[in-house]
Amino acid sequence: MNLELFLARRLYSTRKGGRRISRPAVAIAQWGVAVGTLVMFVSICIIVGFKQQIRDKVIGFGGHIQVMSYEALSDGATPVRADSAFLEELLSVDGVEHVQPFAVKPGMVVGNDEYEGILLKGVGSDYDLSFIKDNVIEGKLPVWSNDRPSNAVALSRSTAGKLRVNVGDKVNVYFLQDGIKARRMTVDAIYETHLSELDDIMALTDVYTVRRLNGWDSDEFTGVELAVNDYDMVDFVSAGVNEVVERNNSNGDSLYAPTIDELYPSLFAWLSVLDQTVWLILILVLFIAGFTTVSGLLILILEKSNFIGVMKAIGSRDVSIARVFLYYSCFIIGKGILWGNVIAVVLCLLQQQLQIVGLDPSMYYMDCVPVGFTWLLVPMNIGIFVLSVLMLLLPSMFISRIEPTKAIKFE
């Protein structure tokens, strides 16, 4: 039987009968750990949720990887020949879940004597519109086809607001290419993702219309978007996609395949900075938990000086007595971490389901505080427990300075 663990349990189970000084000190230490764990848990969930939502919004507009032509960077009108064989070859790359060609054309939309610059994006029946559908606030997305015009357009809420148009209204879209081309379209849907950088310029229609405006054949597109099974494997999948691209470049095409991180480097660099915030939070939490438990342990040792003196008098070693108080501290830290996690999970679930705390979407790209759970919370909790216990090794050495003859008399 572990004598030190037994004594620690006895001390912990009878702590209510202790002195008035130690009881609040132990309670403060326990709730200090709980509050620190709560802050860590909630902060990390918010950061993870924020990164996930921003990343999902960007990927929803452009996929994980895009295949396009180098010339399109300069003239914007050089197409990629994406026939069925090329699309099947891309889809065969390990990790690629879906491929979807698209076509874009810059233009100007006019309504009620107001005008806004847009990037008209043409999509077909094979395009995954689930992200846009989830963010439609008015109307309904039409079923766009690859081989016939729809004369329907989906505008963002910001663009529709500036033009003062609603679902069902007509707008004129003008394009500058070999003169001025115009299309009259009906607003079938209005969406809002709160990602202003893309909401302010992006409009959706059928790919057939955009191809005709560009004068392209049925297998020519601005590019091909690829969705992968796992975002963490984007770089690995990108290597396989680039092999396919290189084989097609040998046929005279000038293609390249940037990842979504490379297409929006500033945005993803900003998100990566948030990872540093996680480490800062962990350091602060460790400091709070360590300080409160160290303080509580020192007070407890002083109160139990008589117990320590008796243990030394009957032959117990300093290391053995120190283990008793370390076990005692483990109970305090463990219970504090448990309560911190329980409260944090409840708060995060309430926010996730009820969206209690809101945000200004013009500043944060979303209208409520996001919450995302991650398995990294498990090792983080273990790390806090282990490091907090290690911090207690120093105050436990104070036991060696207590003399039995003086401690037994100490009250």
# chains A, B, ... in the order shown; residues from 1 in each chain; ligands from 1
>>> residues_around(residues="segment 202-211 of chain A", least_positions_apart="4", cutoff="7 Å", atoms="only C-alpha atoms", output="PDB file with C-alpha atoms, in the first residue's frame")
ATOM      1  CA  PHE A 102     -15.169  27.831 -63.047  1.00  0.00           C
ATOM      2  CA  ALA A 103     -14.925  30.966 -65.152  1.00  0.00           C
ATOM      3  CA  VAL A 104     -14.690  34.584 -64.068  1.00  0.00           C
ATOM      4  CA  LYS A 105     -14.985  37.938 -65.764  1.00  0.00           C
ATOM      5  CA  ILE A 118     -17.858  43.002 -59.546  1.00  0.00           C
ATOM      6  CA  LEU A 119     -16.104  39.803 -60.458  1.00  0.00           C
ATOM      7  CA  LEU A 120     -18.727  37.660 -62.140  1.00  0.00           C
ATOM      8  CA  LYS A 121     -18.020  34.011 -61.387  1.00  0.00           C
ATOM      9  CA  GLY A 122     -19.616  31.378 -63.565  1.00  0.00           C
ATOM     10  CA  VAL A 123     -20.348  27.951 -62.089  1.00  0.00           C
ATOM     11  CA  GLY A 124     -22.012  24.842 -63.457  1.00  0.00           C
ATOM     12  CA  TRP A 144     -27.097  26.701 -63.051  1.00  0.00           C
ATOM     13  CA  SER A 145     -26.235  24.719 -66.148  1.00  0.00           C
ATOM     14  CA  ASN A 146     -23.041  24.206 -68.144  1.00  0.00           C
ATOM     15  CA  ASP A 147     -24.690  24.514 -71.543  1.00  0.00           C
ATOM     16  CA  ARG A 148     -27.453  27.117 -71.364  1.00  0.00           C
ATOM     17  CA  PRO A 149     -27.839  30.678 -69.992  1.00  0.00           C
ATOM     18  CA  SER A 150     -29.937  31.415 -66.940  1.00  0.00           C
ATOM     19  CA  ALA A 152     -29.845  34.848 -63.072  1.00  0.00           C
ATOM     20  CA  VAL A 153     -27.281  36.321 -60.722  1.00  0.00           C
ATOM     21  CA  ALA A 154     -26.567  36.000 -56.999  1.00  0.00           C
ATOM     22  CA  LEU A 155     -25.279  39.164 -55.359  1.00  0.00           C
ATOM     23  CA  SER A 156     -23.820  39.721 -51.932  1.00  0.00           C
ATOM     24  CA  LEU A 198     -14.878  38.707 -51.232  1.00  0.00           C
ATOM     25  CA  GLY A 215     -15.503  33.766 -76.291  1.00  0.00           C
ATOM     26  CA  TRP A 216     -14.369  30.359 -74.979  1.00  0.00           C
TER      27      TRP A 216
END
>>> select_by_dssp(residues="segment 107-266 of chain A", states="alpha helix (DSSP H)", output="PyMOL selection string")
chain A and resi 130-134+157-163+196-199+207-214+234-249+260-263+265-266
>>> select_by_dssp(residues="segment 10-226 of chain A", states="strand (DSSP E)", output="PyMOL selection string")
chain A and resi 65-69+80-81+96-111+114-123+136-139+152-156+170-176+180-191+202-206+220-221+223-226
>>> atom_distance(atom1="atom CA of Asp235 of chain A", atom2="atom CA of Ala85 of chain A")
23.7 Å
>>> closest_residue(among="A:Leu5, A:Val187, A:Ile399, A:Leu38", to="Asn306 of chain A", atoms="only C-alpha atoms")
A:Ile399
>>> closest_residue(among="A:Thr374, A:Ser196, A:Thr259, A:Ser388", to="Ala227 of chain A", atoms="only C-alpha atoms")
A:Thr259
>>> residues_around(residues="Gly340 of chain A", least_positions_apart="6", cutoff="7 Å", atoms="only C-alpha atoms", output="list in words")
Ala34, Val35, Thr37 and Leu38 of chain A
>>> write_last_selection(atoms="C-alpha atoms", output="PDB file, in the first residue's frame")
ATOM      1  CA  ALA A  34     -10.185  26.047 -12.313  1.00  0.00           C
ATOM      2  CA  VAL A  35     -10.330  29.644 -13.553  1.00  0.00           C
ATOM      3  CA  THR A  37      -8.160  26.088 -17.050  1.00  0.00           C
ATOM      4  CA  LEU A  38     -11.475  27.730 -17.938  1.00  0.00           C
TER       5      LEU A  38
END
>>> atom_distance(atom1="atom CA of Ala25 of chain A", atom2="atom CA of Ile281 of chain A")
24.4 Å
>>> residues_around(residues="segment 110-117 of chain A", least_positions_apart="5", cutoff="7 Å", atoms="only C-alpha atoms", output="PyMOL selection string")
chain A and resi 163-165+171-173+201
>>> residues_around(residues="Gly36 of chain A", least_positions_apart="4", cutoff="7 Å", atoms="only C-alpha atoms", output="list in words")
Gly32, Met40, Val285, Ile288 and Ala289 of chain A
>>> write_last_selection(atoms="N, CA and C atoms", output="short mmCIF file (atom, residue, chain, number, x, y, z; two decimals), in the first residue's frame")
data_model
loop_
_atom_site.label_atom_id
_atom_site.label_comp_id
_atom_site.auth_asym_id
_atom_site.auth_seq_id
_atom_site.Cartn_x
_atom_site.Cartn_y
_atom_site.Cartn_z
N GLY A 32 -8.33 28.82 -8.40
CA GLY A 32 -7.36 29.47 -9.28
C GLY A 32 -7.00 28.58 -10.46
N MET A 40 -8.12 29.06 -20.40
CA MET A 40 -7.38 28.36 -21.45
C MET A 40 -8.33 27.67 -22.41
N VAL A 285 -1.83 30.91 -18.15
CA VAL A 285 -2.60 29.96 -17.36
C VAL A 285 -1.68 29.18 -16.42
N ILE A 288 -0.78 31.39 -13.49
CA ILE A 288 -1.88 31.54 -12.52
C ILE A 288 -2.05 30.27 -11.69
N ALA A 289 -2.11 29.13 -12.39
CA ALA A 289 -2.30 27.86 -11.68
C ALA A 289 -1.13 27.57 -10.75
#
>>> closest_residue(among="A:Tyr70, A:Phe175, A:Tyr256, A:Trp279", to="Ser43 of chain A", atoms="only C-alpha atoms")
A:Trp279
>>> atom_distance(atom1="atom CA of Trp375 of chain A", atom2="atom CA of Val33 of chain A")
20.5 Å
>>> closest_residue(among="A:Gly179, A:Gly62, A:Pro370, A:Gly315", to="Ile44 of chain A", atoms="only C-alpha atoms")
A:Pro370
>>> closest_residue(among="A:Tyr174, A:Leu255, A:Ala182, A:Gly107", to="Thr78 of chain A", atoms="only C-alpha atoms")
A:Leu255
>>> residues_around(residues="Gly296 of chain A", least_positions_apart="3", cutoff="8 Å", atoms="only C-alpha atoms", output="list in words")
Ser22, Ala25, Val26, Ile28, Ala29, Thr292, Thr293, Ile299 and Leu300 of chain A
>>> decode(residues="segment 282-316 of chain A", atoms="N, CA and C atoms", output="PDB file, in the first residue's frame")
ATOM      1  N   LEU A 282      -1.344  29.803 -22.749  1.00  0.00           N
ATOM      2  CA  LEU A 282      -0.866  28.671 -21.954  1.00  0.00           C
ATOM      3  C   LEU A 282       0.126  29.118 -20.890  1.00  0.00           C
ATOM      4  N   ILE A 283       1.020  30.039 -21.243  1.00  0.00           N
ATOM      5  CA  ILE A 283       1.996  30.535 -20.273  1.00  0.00           C
ATOM      6  C   ILE A 283       1.307  31.276 -19.137  1.00  0.00           C
ATOM      7  N   LEU A 284       0.317  32.116 -19.482  1.00  0.00           N
ATOM      8  CA  LEU A 284      -0.413  32.856 -18.457  1.00  0.00           C
ATOM      9  C   LEU A 284      -1.202  31.915 -17.539  1.00  0.00           C
ATOM     10  N   VAL A 285      -1.830  30.914 -18.152  1.00  0.00           N
ATOM     11  CA  VAL A 285      -2.599  29.957 -17.357  1.00  0.00           C
ATOM     12  C   VAL A 285      -1.683  29.183 -16.421  1.00  0.00           C
ATOM     13  N   LEU A 286      -0.540  28.765 -16.915  1.00  0.00           N
ATOM     14  CA  LEU A 286       0.408  28.037 -16.084  1.00  0.00           C
ATOM     15  C   LEU A 286       0.890  28.904 -14.923  1.00  0.00           C
ATOM     16  N   PHE A 287       1.118  30.180 -15.190  1.00  0.00           N
ATOM     17  CA  PHE A 287       1.547  31.083 -14.130  1.00  0.00           C
ATOM     18  C   PHE A 287       0.471  31.214 -13.054  1.00  0.00           C
ATOM     19  N   ILE A 288      -0.784  31.393 -13.487  1.00  0.00           N
ATOM     20  CA  ILE A 288      -1.881  31.536 -12.520  1.00  0.00           C
ATOM     21  C   ILE A 288      -2.048  30.272 -11.687  1.00  0.00           C
ATOM     22  N   ALA A 289      -2.113  29.130 -12.386  1.00  0.00           N
ATOM     23  CA  ALA A 289      -2.304  27.861 -11.679  1.00  0.00           C
ATOM     24  C   ALA A 289      -1.129  27.569 -10.755  1.00  0.00           C
ATOM     25  N   GLY A 290       0.090  27.805 -11.244  1.00  0.00           N
ATOM     26  CA  GLY A 290       1.267  27.532 -10.422  1.00  0.00           C
ATOM     27  C   GLY A 290       1.356  28.431  -9.216  1.00  0.00           C
ATOM     28  N   PHE A 291       1.080  29.714  -9.402  1.00  0.00           N
ATOM     29  CA  PHE A 291       1.174  30.664  -8.287  1.00  0.00           C
ATOM     30  C   PHE A 291       0.174  30.325  -7.184  1.00  0.00           C
ATOM     31  N   THR A 292      -1.058  30.060  -7.569  1.00  0.00           N
ATOM     32  CA  THR A 292      -2.079  29.776  -6.555  1.00  0.00           C
ATOM     33  C   THR A 292      -1.811  28.459  -5.824  1.00  0.00           C
ATOM     34  N   THR A 293      -1.382  27.441  -6.546  1.00  0.00           N
ATOM     35  CA  THR A 293      -1.123  26.155  -5.890  1.00  0.00           C
ATOM     36  C   THR A 293       0.128  26.210  -5.027  1.00  0.00           C
ATOM     37  N   VAL A 294       1.153  26.918  -5.470  1.00  0.00           N
ATOM     38  CA  VAL A 294       2.365  27.076  -4.651  1.00  0.00           C
ATOM     39  C   VAL A 294       2.033  27.809  -3.358  1.00  0.00           C
ATOM     40  N   SER A 295       1.245  28.883  -3.476  1.00  0.00           N
ATOM     41  CA  SER A 295       0.848  29.632  -2.279  1.00  0.00           C
ATOM     42  C   SER A 295       0.037  28.750  -1.335  1.00  0.00           C
ATOM     43  N   GLY A 296      -0.903  27.997  -1.892  1.00  0.00           N
ATOM     44  CA  GLY A 296      -1.718  27.115  -1.062  1.00  0.00           C
ATOM     45  C   GLY A 296      -0.889  26.040  -0.385  1.00  0.00           C
ATOM     46  N   LEU A 297       0.081  25.499  -1.115  1.00  0.00           N
ATOM     47  CA  LEU A 297       0.911  24.440  -0.539  1.00  0.00           C
ATOM     48  C   LEU A 297       1.780  24.979   0.597  1.00  0.00           C
ATOM     49  N   LEU A 298       2.346  26.155   0.441  1.00  0.00           N
ATOM     50  CA  LEU A 298       3.172  26.743   1.498  1.00  0.00           C
ATOM     51  C   LEU A 298       2.353  26.980   2.764  1.00  0.00           C
ATOM     52  N   ILE A 299       1.134  27.500   2.588  1.00  0.00           N
ATOM     53  CA  ILE A 299       0.267  27.721   3.745  1.00  0.00           C
ATOM     54  C   ILE A 299      -0.088  26.400   4.405  1.00  0.00           C
ATOM     55  N   LEU A 300      -0.346  25.382   3.599  1.00  0.00           N
ATOM     56  CA  LEU A 300      -0.702  24.071   4.127  1.00  0.00           C
ATOM     57  C   LEU A 300       0.477  23.457   4.906  1.00  0.00           C
ATOM     58  N   ILE A 301       1.679  23.613   4.379  1.00  0.00           N
ATOM     59  CA  ILE A 301       2.860  23.077   5.069  1.00  0.00           C
ATOM     60  C   ILE A 301       3.045  23.758   6.421  1.00  0.00           C
ATOM     61  N   LEU A 302       2.851  25.077   6.446  1.00  0.00           N
ATOM     62  CA  LEU A 302       2.991  25.799   7.708  1.00  0.00           C
ATOM     63  C   LEU A 302       1.953  25.337   8.720  1.00  0.00           C
ATOM     64  N   GLU A 303       0.724  25.126   8.236  1.00  0.00           N
ATOM     65  CA  GLU A 303      -0.331  24.681   9.156  1.00  0.00           C
ATOM     66  C   GLU A 303      -0.067  23.269   9.677  1.00  0.00           C
ATOM     67  N   LYS A 304       0.481  22.419   8.815  1.00  0.00           N
ATOM     68  CA  LYS A 304       0.711  21.021   9.186  1.00  0.00           C
ATOM     69  C   LYS A 304       2.129  20.793   9.727  1.00  0.00           C
ATOM     70  N   SER A 305       2.726  21.850  10.250  1.00  0.00           N
ATOM     71  CA  SER A 305       4.080  21.694  10.801  1.00  0.00           C
ATOM     72  C   SER A 305       4.108  20.654  11.909  1.00  0.00           C
ATOM     73  N   ASN A 306       3.091  20.622  12.730  1.00  0.00           N
ATOM     74  CA  ASN A 306       3.034  19.640  13.815  1.00  0.00           C
ATOM     75  C   ASN A 306       2.998  18.221  13.243  1.00  0.00           C
ATOM     76  N   PHE A 307       2.204  18.024  12.195  1.00  0.00           N
ATOM     77  CA  PHE A 307       2.118  16.718  11.521  1.00  0.00           C
ATOM     78  C   PHE A 307       3.475  16.333  10.935  1.00  0.00           C
ATOM     79  N   ILE A 308       4.151  17.323  10.318  1.00  0.00           N
ATOM     80  CA  ILE A 308       5.463  17.057   9.731  1.00  0.00           C
ATOM     81  C   ILE A 308       6.470  16.675  10.809  1.00  0.00           C
ATOM     82  N   GLY A 309       6.417  17.396  11.954  1.00  0.00           N
ATOM     83  CA  GLY A 309       7.328  17.081  13.051  1.00  0.00           C
ATOM     84  C   GLY A 309       7.121  15.685  13.584  1.00  0.00           C
ATOM     85  N   VAL A 310       5.869  15.272  13.743  1.00  0.00           N
ATOM     86  CA  VAL A 310       5.574  13.930  14.239  1.00  0.00           C
ATOM     87  C   VAL A 310       6.063  12.881  13.255  1.00  0.00           C
ATOM     88  N   MET A 311       5.832  13.119  11.945  1.00  0.00           N
ATOM     89  CA  MET A 311       6.272  12.165  10.927  1.00  0.00           C
ATOM     90  C   MET A 311       7.795  12.015  10.941  1.00  0.00           C
ATOM     91  N   LYS A 312       8.507  13.124  11.117  1.00  0.00           N
ATOM     92  CA  LYS A 312       9.961  13.045  11.188  1.00  0.00           C
ATOM     93  C   LYS A 312      10.415  12.332  12.455  1.00  0.00           C
ATOM     94  N   ALA A 313       9.682  12.563  13.549  1.00  0.00           N
ATOM     95  CA  ALA A 313      10.071  11.956  14.824  1.00  0.00           C
ATOM     96  C   ALA A 313       9.942  10.439  14.794  1.00  0.00           C
ATOM     97  N   ILE A 314       9.003   9.914  14.008  1.00  0.00           N
ATOM     98  CA  ILE A 314       8.827   8.461  13.935  1.00  0.00           C
ATOM     99  C   ILE A 314       9.654   7.849  12.804  1.00  0.00           C
ATOM    100  N   GLY A 315      10.500   8.680  12.166  1.00  0.00           N
ATOM    101  CA  GLY A 315      11.457   8.143  11.214  1.00  0.00           C
ATOM    102  C   GLY A 315      11.160   8.356   9.751  1.00  0.00           C
ATOM    103  N   SER A 316      10.141   9.116   9.428  1.00  0.00           N
ATOM    104  CA  SER A 316       9.828   9.368   8.015  1.00  0.00           C
ATOM    105  C   SER A 316      10.876  10.287   7.397  1.00  0.00           C
TER     106      SER A 316
END
